[in-house]
>>> print(open('run_17.pdb').read())   # PDB, N, CA and C atoms
ATOM      1  N   MET A   1     -19.995 102.552-118.205
ATOM      2  CA  MET A   1     -20.262 102.147-119.571
ATOM      3  C   MET A   1     -21.735 102.423-119.903
ATOM      4  N   THR A   2     -21.950 103.012-121.046
ATOM      5  CA  THR A   2     -23.299 103.345-121.493
ATOM      6  C   THR A   2     -23.938 102.141-122.172
ATOM      7  N   LYS A   3     -25.186 101.902-121.828
ATOM      8  CA  LYS A   3     -25.929 100.806-122.456
ATOM      9  C   LYS A   3     -26.252 101.160-123.907
ATOM     10  N   ASP A   4     -26.306 100.141-124.759
ATOM     11  CA  ASP A   4     -26.739 100.319-126.141
ATOM     12  C   ASP A   4     -28.252 100.099-126.166
ATOM     13  N   PHE A   5     -28.997 101.189-126.015
ATOM     14  CA  PHE A   5     -30.449 101.078-125.896
ATOM     15  C   PHE A   5     -31.111 100.614-127.188
ATOM     16  N   THR A   6     -30.546 100.968-128.321
ATOM     17  CA  THR A   6     -31.105 100.485-129.586
ATOM     18  C   THR A   6     -31.004  98.968-129.642
ATOM     19  N   ALA A   7     -29.858  98.427-129.241
ATOM     20  CA  ALA A   7     -29.689  96.969-129.226
ATOM     21  C   ALA A   7     -30.654  96.328-128.234
ATOM     22  N   LEU A   8     -30.825  96.932-127.069
ATOM     23  CA  LEU A   8     -31.754  96.381-126.074
ATOM     24  C   LEU A   8     -33.192  96.386-126.598
ATOM     25  N   MET A   9     -33.599  97.470-127.247
ATOM     26  CA  MET A   9     -34.959  97.532-127.788
ATOM     27  C   MET A   9     -35.155  96.501-128.897
ATOM     28  N   ASN A  10     -34.138  96.296-129.717
ATOM     29  CA  ASN A  10     -34.232  95.250-130.747
ATOM     30  C   ASN A  10     -34.304  93.864-130.132
ATOM     31  N   GLN A  11     -33.578  93.623-129.042
ATOM     32  CA  GLN A  11     -33.651  92.330-128.356
ATOM     33  C   GLN A  11     -35.044  92.109-127.780
ATOM     34  N   LEU A  12     -35.661  93.159-127.244
ATOM     35  CA  LEU A  12     -37.050  93.042-126.772
ATOM     36  C   LEU A  12     -37.974  92.701-127.928
ATOM     37  N   LYS A  13     -37.838  93.437-129.019
ATOM     38  CA  LYS A  13     -38.682  93.230-130.192
ATOM     39  C   LYS A  13     -38.549  91.812-130.729
ATOM     40  N   ASP A  14     -37.317  91.278-130.714
ATOM     41  CA  ASP A  14     -37.040  89.932-131.224
ATOM     42  C   ASP A  14     -37.255  88.836-130.184
ATOM     43  N   GLN A  15     -37.767  89.217-129.017
ATOM     44  CA  GLN A  15     -38.070  88.300-127.911
ATOM     45  C   GLN A  15     -36.835  87.563-127.397
ATOM     46  N   LYS A  16     -35.676  88.199-127.465
ATOM     47  CA  LYS A  16     -34.444  87.616-126.921
ATOM     48  C   LYS A  16     -34.297  87.934-125.441
ATOM     49  N   ILE A  17     -34.905  89.021-124.999
ATOM     50  CA  ILE A  17     -34.982  89.384-123.586
ATOM     51  C   ILE A  17     -36.422  89.776-123.286
ATOM     52  N   GLU A  18     -36.798  89.732-122.010
ATOM     53  CA  GLU A  18     -38.170  90.073-121.626
ATOM     54  C   GLU A  18     -38.326  91.526-121.220
ATOM     55  N   GLN A  19     -37.243  92.121-120.683
ATOM     56  CA  GLN A  19     -37.315  93.495-120.205
ATOM     57  C   GLN A  19     -35.912  94.040-119.994
ATOM     58  N   PHE A  20     -35.820  95.354-119.805
ATOM     59  CA  PHE A  20     -34.566  95.968-119.376
ATOM     60  C   PHE A  20     -34.891  97.196-118.543
ATOM     61  N   GLU A  21     -33.904  97.633-117.768
ATOM     62  CA  GLU A  21     -34.065  98.776-116.871
ATOM     63  C   GLU A  21     -33.372 100.006-117.435
ATOM     64  N   VAL A  22     -33.969 101.150-117.136
ATOM     65  CA  VAL A  22     -33.363 102.441-117.449
ATOM     66  C   VAL A  22     -33.345 103.242-116.151
ATOM     67  N   THR A  23     -32.164 103.643-115.712
ATOM     68  CA  THR A  23     -32.050 104.460-114.505
ATOM     69  C   THR A  23     -32.270 105.925-114.863
ATOM     70  N   PRO A  24     -32.565 106.754-113.867
ATOM     71  CA  PRO A  24     -32.739 108.183-114.157
ATOM     72  C   PRO A  24     -31.513 108.793-114.857
ATOM     73  N   GLU A  25     -30.326 108.358-114.483
ATOM     74  CA  GLU A  25     -29.099 108.876-115.087
ATOM     75  C   GLU A  25     -28.973 108.471-116.557
ATOM     76  N   GLU A  26     -29.513 107.312-116.904
ATOM     77  CA  GLU A  26     -29.441 106.805-118.276
ATOM     78  C   GLU A  26     -30.556 107.348-119.177
ATOM     79  N   PHE A  27     -31.574 107.942-118.571
ATOM     80  CA  PHE A  27     -32.761 108.308-119.339
ATOM     81  C   PHE A  27     -32.490 109.229-120.529
ATOM     82  N   PRO A  28     -31.650 110.267-120.417
ATOM     83  CA  PRO A  28     -31.409 111.106-121.604
ATOM     84  C   PRO A  28     -30.884 110.312-122.805
ATOM     85  N   ALA A  29     -29.956 109.389-122.584
ATOM     86  CA  ALA A  29     -29.433 108.566-123.678
ATOM     87  C   ALA A  29     -30.515 107.616-124.194
ATOM     88  N   PHE A  30     -31.305 107.046-123.284
ATOM     89  CA  PHE A  30     -32.395 106.165-123.690
ATOM     90  C   PHE A  30     -33.411 106.923-124.532
ATOM     91  N   GLN A  31     -33.796 108.124-124.099
ATOM     92  CA  GLN A  31     -34.812 108.901-124.800
ATOM     93  C   GLN A  31     -34.409 109.168-126.248
ATOM     94  N   LYS A  32     -33.141 109.471-126.474
ATOM     95  CA  LYS A  32     -32.657 109.726-127.835
ATOM     96  C   LYS A  32     -32.820 108.473-128.701
ATOM     97  N   ALA A  33     -32.420 107.313-128.175
ATOM     98  CA  ALA A  33     -32.552 106.055-128.922
ATOM     99  C   ALA A  33     -34.026 105.691-129.098
ATOM    100  N   PHE A  34     -34.817 105.907-128.064
ATOM    101  CA  PHE A  34     -36.243 105.582-128.107
ATOM    102  C   PHE A  34     -36.962 106.360-129.211
ATOM    103  N   MET A  35     -36.684 107.639-129.320
ATOM    104  CA  MET A  35     -37.368 108.466-130.316
ATOM    105  C   MET A  35     -37.011 108.063-131.744
ATOM    106  N   ALA A  36     -35.866 107.423-131.927
ATOM    107  CA  ALA A  36     -35.441 106.977-133.256
ATOM    108  C   ALA A  36     -35.867 105.534-133.550
ATOM    109  N   PHE A  37     -36.452 104.836-132.569
ATOM    110  CA  PHE A  37     -36.808 103.430-132.724
ATOM    111  C   PHE A  37     -38.101 103.295-133.511
ATOM    112  N   ASP A  38     -38.091 102.459-134.542
ATOM    113  CA  ASP A  38     -39.211 102.395-135.481
ATOM    114  C   ASP A  38     -40.533 101.946-134.866
ATOM    115  N   THR A  39     -40.516 101.050-133.916
ATOM    116  CA  THR A  39     -41.769 100.577-133.310
ATOM    117  C   THR A  39     -41.852 100.980-131.835
ATOM    118  N   ARG A  40     -41.459 102.212-131.542
ATOM    119  CA  ARG A  40     -41.427 102.667-130.150
ATOM    120  C   ARG A  40     -42.794 102.649-129.480
ATOM    121  N   LYS A  41     -43.870 102.715-130.255
ATOM    122  CA  LYS A  41     -45.208 102.704-129.651
ATOM    123  C   LYS A  41     -45.526 101.372-128.991
ATOM    124  N   ARG A  42     -44.770 100.353-129.301
ATOM    125  CA  ARG A  42     -44.963  99.047-128.651
ATOM    126  C   ARG A  42     -44.114  98.896-127.394
ATOM    127  N   MET A  43     -43.230  99.841-127.146
ATOM    128  CA  MET A  43     -42.388  99.805-125.950
ATOM    129  C   MET A  43     -43.217 100.285-124.766
ATOM    130  N   ILE A  44     -43.340  99.464-123.751
ATOM    131  CA  ILE A  44     -44.137  99.792-122.577
ATOM    132  C   ILE A  44     -43.196  99.976-121.389
ATOM    133  N   GLY A  45     -43.256 101.156-120.774
ATOM    134  CA  GLY A  45     -42.416 101.442-119.621
ATOM    135  C   GLY A  45     -43.225 101.503-118.350
ATOM    136  N   GLN A  46     -42.639 101.005-117.277
ATOM    137  CA  GLN A  46     -43.280 101.040-115.960
ATOM    138  C   GLN A  46     -42.304 101.671-114.978
ATOM    139  N   ALA A  47     -42.755 102.722-114.306
ATOM    140  CA  ALA A  47     -41.917 103.417-113.335
ATOM    141  C   ALA A  47     -41.839 102.621-112.031
ATOM    142  N   GLU A  48     -40.643 102.550-111.497
ATOM    143  CA  GLU A  48     -40.402 101.895-110.214
ATOM    144  C   GLU A  48     -39.996 102.959-109.196
ATOM    145  N   LYS A  49     -39.980 102.608-107.925
ATOM    146  CA  LYS A  49     -39.504 103.526-106.889
ATOM    147  C   LYS A  49     -38.059 103.909-107.187
ATOM    148  N   GLY A  50     -37.731 105.155-106.933
ATOM    149  CA  GLY A  50     -36.378 105.627-107.169
ATOM    150  C   GLY A  50     -36.152 106.138-108.586
ATOM    151  N   GLY A  51     -37.197 106.099-109.428
ATOM    152  CA  GLY A  51     -37.086 106.643-110.765
ATOM    153  C   GLY A  51     -36.635 105.675-111.842
ATOM    154  N   THR A  52     -36.363 104.427-111.481
ATOM    155  CA  THR A  52     -35.986 103.436-112.481
ATOM    156  C   THR A  52     -37.207 103.062-113.313
ATOM    157  N   LEU A  53     -36.995 102.885-114.604
ATOM    158  CA  LEU A  53     -38.052 102.453-115.511
ATOM    159  C   LEU A  53     -37.750 101.050-116.003
ATOM    160  N   ILE A  54     -38.781 100.214-116.064
ATOM    161  CA  ILE A  54     -38.660  98.856-116.603
ATOM    162  C   ILE A  54     -39.429  98.841-117.924
ATOM    163  N   TYR A  55     -38.737  98.497-119.004
ATOM    164  CA  TYR A  55     -39.380  98.456-120.321
ATOM    165  C   TYR A  55     -39.555  97.035-120.800
ATOM    166  N   HIS A  56     -40.713  96.782-121.413
ATOM    167  CA  HIS A  56     -40.958  95.529-122.112
ATOM    168  C   HIS A  56     -41.620  95.865-123.442
ATOM    169  N   TYR A  57     -41.799  94.870-124.285
ATOM    170  CA  TYR A  57     -42.303  95.076-125.642
ATOM    171  C   TYR A  57     -43.648  94.400-125.797
ATOM    172  N   ASP A  58     -44.615  95.117-126.323
ATOM    173  CA  ASP A  58     -45.958  94.586-126.532
ATOM    174  C   ASP A  58     -45.992  93.798-127.839
ATOM    175  N   GLN A  59     -45.863  92.487-127.739
ATOM    176  CA  GLN A  59     -45.879  91.607-128.911
ATOM    177  C   GLN A  59     -47.298  91.378-129.420
ATOM    178  N   ASP A  60     -48.298  91.671-128.609
ATOM    179  CA  ASP A  60     -49.680  91.310-128.939
ATOM    180  C   ASP A  60     -50.446  92.387-129.691
ATOM    181  N   THR A  61     -49.852  93.533-129.902
ATOM    182  CA  THR A  61     -50.574  94.607-130.577
ATOM    183  C   THR A  61     -50.881  94.204-132.016
ATOM    184  N   GLY A  62     -52.008  94.628-132.516
ATOM    185  CA  GLY A  62     -52.468  94.167-133.830
ATOM    186  C   GLY A  62     -51.939  94.957-134.997
ATOM    187  N   ASN A  63     -51.095  95.980-134.738
ATOM    188  CA  ASN A  63     -50.544  96.737-135.861
ATOM    189  C   ASN A  63     -49.028  96.658-135.839
ATOM    190  N   ASP A  64     -48.399  97.407-136.704
ATOM    191  CA  ASP A  64     -46.938  97.330-136.784
ATOM    192  C   ASP A  64     -46.245  98.388-135.937
ATOM    193  N   GLY A  65     -46.953  98.949-134.975
ATOM    194  CA  GLY A  65     -46.363  99.905-134.064
ATOM    195  C   GLY A  65     -46.477 101.346-134.522
ATOM    196  N   GLU A  66     -47.184 101.579-135.592
ATOM    197  CA  GLU A  66     -47.321 102.950-136.085
ATOM    198  C   GLU A  66     -48.565 103.587-135.543
TER     199      GLU A  66
END
>>> encode(input="run_17.pdb", output="structure tokens")
Amino acid sequence: MTKDFTALMNQLKDQKIEQFEVTPEEFPAFQKAFMAFDTRKRMIGQAEKGGTLIYHYDQDTGNDGE
């Protein structure tokens, strides 16, 4: 089952979740959703061993993500 990355990014933005993982296999689908996300500049990704990425949302930035 494919994750709904747009929904996950909105949950991060709305502070309903703290983070989510993206596996290397999921990255192409994530990248498509990420590029269409309005405040993607606030999405912070951290690479883990094995190629997994952990994303969280920067709530403290002083602009609207543009």
>>> atom_distance(input="run_17.pdb", atom1="atom C of A:Leu12", atom2="atom N of A:Tyr57")
5.7 Å
>>> closest_residue(input="run_17.pdb", among="A:Asp58, A:Leu8, A:Lys3, A:Gly50", to="A:Glu26", atoms="all atoms listed in the file")
A:Lys3
>>> residues_around(input="run_17.pdb", residues="A:Ala7", least_positions_apart="5", cutoff="12 Å", atoms="only C-alpha atoms", output="ChimeraX atom specification")
/A:2,12-14,16-17,20,30,33-34,37
>>> select_by_dssp(input="run_17.pdb", residues="chain A", states="alpha helix (DSSP H)", output="JSON list (two decimals) with N, CA and C atoms, in the coordinates of the input")
[["chain", "number", "residue", "atom", "x", "y", "z"],
["A", 5, "PHE", "N", -29.00, 101.19, -126.02],
["A", 5, "PHE", "CA", -30.45, 101.08, -125.90],
["A", 5, "PHE", "C", -31.11, 100.61, -127.19],
["A", 6, "THR", "N", -30.55, 100.97, -128.32],
["A", 6, "THR", "CA", -31.10, 100.48, -129.59],
["A", 6, "THR", "C", -31.00, 98.97, -129.64],
["A", 7, "ALA", "N", -29.86, 98.43, -129.24],
["A", 7, "ALA", "CA", -29.69, 96.97, -129.23],
["A", 7, "ALA", "C", -30.65, 96.33, -128.23],
["A", 8, "LEU", "N", -30.82, 96.93, -127.07],
["A", 8, "LEU", "CA", -31.75, 96.38, -126.07],
["A", 8, "LEU", "C", -33.19, 96.39, -126.60],
["A", 9, "MET", "N", -33.60, 97.47, -127.25],
["A", 9, "MET", "CA", -34.96, 97.53, -127.79],
["A", 9, "MET", "C", -35.16, 96.50, -128.90],
["A", 10, "ASN", "N", -34.14, 96.30, -129.72],
["A", 10, "ASN", "CA", -34.23, 95.25, -130.75],
["A", 10, "ASN", "C", -34.30, 93.86, -130.13],
["A", 11, "GLN", "N", -33.58, 93.62, -129.04],
["A", 11, "GLN", "CA", -33.65, 92.33, -128.36],
["A", 11, "GLN", "C", -35.04, 92.11, -127.78],
["A", 12, "LEU", "N", -35.66, 93.16, -127.24],
["A", 12, "LEU", "CA", -37.05, 93.04, -126.77],
["A", 12, "LEU", "C", -37.97, 92.70, -127.93],
["A", 13, "LYS", "N", -37.84, 93.44, -129.02],
["A", 13, "LYS", "CA", -38.68, 93.23, -130.19],
["A", 13, "LYS", "C", -38.55, 91.81, -130.73],
["A", 27, "PHE", "N", -31.57, 107.94, -118.57],
["A", 27, "PHE", "CA", -32.76, 108.31, -119.34],
["A", 27, "PHE", "C", -32.49, 109.23, -120.53],
["A", 28, "PRO", "N", -31.65, 110.27, -120.42],
["A", 28, "PRO", "CA", -31.41, 111.11, -121.60],
["A", 28, "PRO", "C", -30.88, 110.31, -122.80],
["A", 29, "ALA", "N", -29.96, 109.39, -122.58],
["A", 29, "ALA", "CA", -29.43, 108.57, -123.68],
["A", 29, "ALA", "C", -30.52, 107.62, -124.19],
["A", 30, "PHE", "N", -31.30, 107.05, -123.28],
["A", 30, "PHE", "CA", -32.40, 106.16, -123.69],
["A", 30, "PHE", "C", -33.41, 106.92, -124.53],
["A", 31, "GLN", "N", -33.80, 108.12, -124.10],
["A", 31, "GLN", "CA", -34.81, 108.90, -124.80],
["A", 31, "GLN", "C", -34.41, 109.17, -126.25],
["A", 32, "LYS", "N", -33.14, 109.47, -126.47],
["A", 32, "LYS", "CA", -32.66, 109.73, -127.84],
["A", 32, "LYS", "C", -32.82, 108.47, -128.70],
["A", 33, "ALA", "N", -32.42, 107.31, -128.18],
["A", 33, "ALA", "CA", -32.55, 106.06, -128.92],
["A", 33, "ALA", "C", -34.03, 105.69, -129.10],
["A", 34, "PHE", "N", -34.82, 105.91, -128.06],
["A", 34, "PHE", "CA", -36.24, 105.58, -128.11],
["A", 34, "PHE", "C", -36.96, 106.36, -129.21],
["A", 35, "MET", "N", -36.68, 107.64, -129.32],
["A", 35, "MET", "CA", -37.37, 108.47, -130.32],
["A", 35, "MET", "C", -37.01, 108.06, -131.74],
["A", 36, "ALA", "N", -35.87, 107.42, -131.93],
["A", 36, "ALA", "CA", -35.44, 106.98, -133.26],
["A", 36, "ALA", "C", -35.87, 105.53, -133.55]]
>>> resolve_selection(input="run_17.pdb", expression="the PyMOL selection byres (((chain A and resi 51-54 and name CA) around 12) and name CA)", output="PDB file with N, CA and C atoms, in the frame of the given file")
ATOM      1  N   LEU A   8     -30.825  96.932-127.069  1.00  0.00           N
ATOM      2  CA  LEU A   8     -31.754  96.381-126.074  1.00  0.00           C
ATOM      3  C   LEU A   8     -33.192  96.386-126.598  1.00  0.00           C
ATOM      4  N   MET A   9     -33.599  97.470-127.247  1.00  0.00           N
ATOM      5  CA  MET A   9     -34.959  97.532-127.788  1.00  0.00           C
ATOM      6  C   MET A   9     -35.155  96.501-128.897  1.00  0.00           C
ATOM      7  N   LEU A  12     -35.661  93.159-127.244  1.00  0.00           N
ATOM      8  CA  LEU A  12     -37.050  93.042-126.772  1.00  0.00           C
ATOM      9  C   LEU A  12     -37.974  92.701-127.928  1.00  0.00           C
ATOM     10  N   GLU A  18     -36.798  89.732-122.010  1.00  0.00           N
ATOM     11  CA  GLU A  18     -38.170  90.073-121.626  1.00  0.00           C
ATOM     12  C   GLU A  18     -38.326  91.526-121.220  1.00  0.00           C
ATOM     13  N   GLN A  19     -37.243  92.121-120.683  1.00  0.00           N
ATOM     14  CA  GLN A  19     -37.315  93.495-120.205  1.00  0.00           C
ATOM     15  C   GLN A  19     -35.912  94.040-119.994  1.00  0.00           C
ATOM     16  N   PHE A  20     -35.820  95.354-119.805  1.00  0.00           N
ATOM     17  CA  PHE A  20     -34.566  95.968-119.376  1.00  0.00           C
ATOM     18  C   PHE A  20     -34.891  97.196-118.543  1.00  0.00           C
ATOM     19  N   GLU A  21     -33.904  97.633-117.768  1.00  0.00           N
ATOM     20  CA  GLU A  21     -34.065  98.776-116.871  1.00  0.00           C
ATOM     21  C   GLU A  21     -33.372 100.006-117.435  1.00  0.00           C
ATOM     22  N   VAL A  22     -33.969 101.150-117.136  1.00  0.00           N
ATOM     23  CA  VAL A  22     -33.363 102.441-117.449  1.00  0.00           C
ATOM     24  C   VAL A  22     -33.345 103.242-116.151  1.00  0.00           C
ATOM     25  N   THR A  23     -32.164 103.643-115.712  1.00  0.00           N
ATOM     26  CA  THR A  23     -32.050 104.460-114.505  1.00  0.00           C
ATOM     27  C   THR A  23     -32.270 105.925-114.863  1.00  0.00           C
ATOM     28  N   PRO A  24     -32.565 106.754-113.867  1.00  0.00           N
ATOM     29  CA  PRO A  24     -32.739 108.183-114.157  1.00  0.00           C
ATOM     30  C   PRO A  24     -31.513 108.793-114.857  1.00  0.00           C
ATOM     31  N   GLU A  25     -30.326 108.358-114.483  1.00  0.00           N
ATOM     32  CA  GLU A  25     -29.099 108.876-115.087  1.00  0.00           C
ATOM     33  C   GLU A  25     -28.973 108.471-116.557  1.00  0.00           C
ATOM     34  N   GLU A  26     -29.513 107.312-116.904  1.00  0.00           N
ATOM     35  CA  GLU A  26     -29.441 106.805-118.276  1.00  0.00           C
ATOM     36  C   GLU A  26     -30.556 107.348-119.177  1.00  0.00           C
ATOM     37  N   PHE A  27     -31.574 107.942-118.571  1.00  0.00           N
ATOM     38  CA  PHE A  27     -32.761 108.308-119.339  1.00  0.00           C
ATOM     39  C   PHE A  27     -32.490 109.229-120.529  1.00  0.00           C
ATOM     40  N   PHE A  30     -31.305 107.046-123.284  1.00  0.00           N
ATOM     41  CA  PHE A  30     -32.395 106.165-123.690  1.00  0.00           C
ATOM     42  C   PHE A  30     -33.411 106.923-124.532  1.00  0.00           C
ATOM     43  N   GLN A  31     -33.796 108.124-124.099  1.00  0.00           N
ATOM     44  CA  GLN A  31     -34.812 108.901-124.800  1.00  0.00           C
ATOM     45  C   GLN A  31     -34.409 109.168-126.248  1.00  0.00           C
ATOM     46  N   MET A  43     -43.230  99.841-127.146  1.00  0.00           N
ATOM     47  CA  MET A  43     -42.388  99.805-125.950  1.00  0.00           C
ATOM     48  C   MET A  43     -43.217 100.285-124.766  1.00  0.00           C
ATOM     49  N   ILE A  44     -43.340  99.464-123.751  1.00  0.00           N
ATOM     50  CA  ILE A  44     -44.137  99.792-122.577  1.00  0.00           C
ATOM     51  C   ILE A  44     -43.196  99.976-121.389  1.00  0.00           C
ATOM     52  N   GLY A  45     -43.256 101.156-120.774  1.00  0.00           N
ATOM     53  CA  GLY A  45     -42.416 101.442-119.621  1.00  0.00           C
ATOM     54  C   GLY A  45     -43.225 101.503-118.350  1.00  0.00           C
ATOM     55  N   GLN A  46     -42.639 101.005-117.277  1.00  0.00           N
ATOM     56  CA  GLN A  46     -43.280 101.040-115.960  1.00  0.00           C
ATOM     57  C   GLN A  46     -42.304 101.671-114.978  1.00  0.00           C
ATOM     58  N   ALA A  47     -42.755 102.722-114.306  1.00  0.00           N
ATOM     59  CA  ALA A  47     -41.917 103.417-113.335  1.00  0.00           C
ATOM     60  C   ALA A  47     -41.839 102.621-112.031  1.00  0.00           C
ATOM     61  N   GLU A  48     -40.643 102.550-111.497  1.00  0.00           N
ATOM     62  CA  GLU A  48     -40.402 101.895-110.214  1.00  0.00           C
ATOM     63  C   GLU A  48     -39.996 102.959-109.196  1.00  0.00           C
ATOM     64  N   LYS A  49     -39.980 102.608-107.925  1.00  0.00           N
ATOM     65  CA  LYS A  49     -39.504 103.526-106.889  1.00  0.00           C
ATOM     66  C   LYS A  49     -38.059 103.909-107.187  1.00  0.00           C
ATOM     67  N   GLY A  50     -37.731 105.155-106.933  1.00  0.00           N
ATOM     68  CA  GLY A  50     -36.378 105.627-107.169  1.00  0.00           C
ATOM     69  C   GLY A  50     -36.152 106.138-108.586  1.00  0.00           C
ATOM     70  N   TYR A  55     -38.737  98.497-119.004  1.00  0.00           N
ATOM     71  CA  TYR A  55     -39.380  98.456-120.321  1.00  0.00           C
ATOM     72  C   TYR A  55     -39.555  97.035-120.800  1.00  0.00           C
ATOM     73  N   HIS A  56     -40.713  96.782-121.413  1.00  0.00           N
ATOM     74  CA  HIS A  56     -40.958  95.529-122.112  1.00  0.00           C
ATOM     75  C   HIS A  56     -41.620  95.865-123.442  1.00  0.00           C
ATOM     76  N   TYR A  57     -41.799  94.870-124.285  1.00  0.00           N
ATOM     77  CA  TYR A  57     -42.303  95.076-125.642  1.00  0.00           C
ATOM     78  C   TYR A  57     -43.648  94.400-125.797  1.00  0.00           C
TER      79      TYR A  57
END
>>> atom_distance(input="run_17.pdb", atom1="atom N of A:Asp60", atom2="atom CA of A:Ala29")
25.8 Å
>>> atom_distance(input="run_17.pdb", atom1="atom CA of A:Met35", atom2="atom N of A:Asp4")
14.9 Å
>>> select_by_dssp(input="run_17.pdb", residues="chain A", states="strand (DSSP E)", output="list in words")
Phe20, Glu21, Val22, Met43, Ile44, Gly45, Gln46, Ala47, Leu53, Ile54, Tyr55, His56 and Tyr57 of chain A
>>> write_last_selection(input="run_17.pdb", atoms="N, CA and C atoms", output="mmCIF file, in the frame of the given file")
data_model
loop_
_atom_site.group_PDB
_atom_site.id
_atom_site.type_symbol
_atom_site.label_atom_id
_atom_site.label_comp_id
_atom_site.auth_asym_id
_atom_site.auth_seq_id
_atom_site.Cartn_x
_atom_site.Cartn_y
_atom_site.Cartn_z
ATOM 1 N N PHE A 20 -35.820 95.354 -119.805
ATOM 2 C CA PHE A 20 -34.566 95.968 -119.376
ATOM 3 C C PHE A 20 -34.891 97.196 -118.543
ATOM 4 N N GLU A 21 -33.904 97.633 -117.768
ATOM 5 C CA GLU A 21 -34.065 98.776 -116.871
ATOM 6 C C GLU A 21 -33.372 100.006 -117.435
ATOM 7 N N VAL A 22 -33.969 101.150 -117.136
ATOM 8 C CA VAL A 22 -33.363 102.441 -117.449
ATOM 9 C C VAL A 22 -33.345 103.242 -116.151
ATOM 10 N N MET A 43 -43.230 99.841 -127.146
ATOM 11 C CA MET A 43 -42.388 99.805 -125.950
ATOM 12 C C MET A 43 -43.217 100.285 -124.766
ATOM 13 N N ILE A 44 -43.340 99.464 -123.751
ATOM 14 C CA ILE A 44 -44.137 99.792 -122.577
ATOM 15 C C ILE A 44 -43.196 99.976 -121.389
ATOM 16 N N GLY A 45 -43.256 101.156 -120.774
ATOM 17 C CA GLY A 45 -42.416 101.442 -119.621
ATOM 18 C C GLY A 45 -43.225 101.503 -118.350
ATOM 19 N N GLN A 46 -42.639 101.005 -117.277
ATOM 20 C CA GLN A 46 -43.280 101.040 -115.960
ATOM 21 C C GLN A 46 -42.304 101.671 -114.978
ATOM 22 N N ALA A 47 -42.755 102.722 -114.306
ATOM 23 C CA ALA A 47 -41.917 103.417 -113.335
ATOM 24 C C ALA A 47 -41.839 102.621 -112.031
ATOM 25 N N LEU A 53 -36.995 102.885 -114.604
ATOM 26 C CA LEU A 53 -38.052 102.453 -115.511
ATOM 27 C C LEU A 53 -37.750 101.050 -116.003
ATOM 28 N N ILE A 54 -38.781 100.214 -116.064
ATOM 29 C CA ILE A 54 -38.660 98.856 -116.603
ATOM 30 C C ILE A 54 -39.429 98.841 -117.924
ATOM 31 N N TYR A 55 -38.737 98.497 -119.004
ATOM 32 C CA TYR A 55 -39.380 98.456 -120.321
ATOM 33 C C TYR A 55 -39.555 97.035 -120.800
ATOM 34 N N HIS A 56 -40.713 96.782 -121.413
ATOM 35 C CA HIS A 56 -40.958 95.529 -122.112
ATOM 36 C C HIS A 56 -41.620 95.865 -123.442
ATOM 37 N N TYR A 57 -41.799 94.870 -124.285
ATOM 38 C CA TYR A 57 -42.303 95.076 -125.642
ATOM 39 C C TYR A 57 -43.648 94.400 -125.797
#
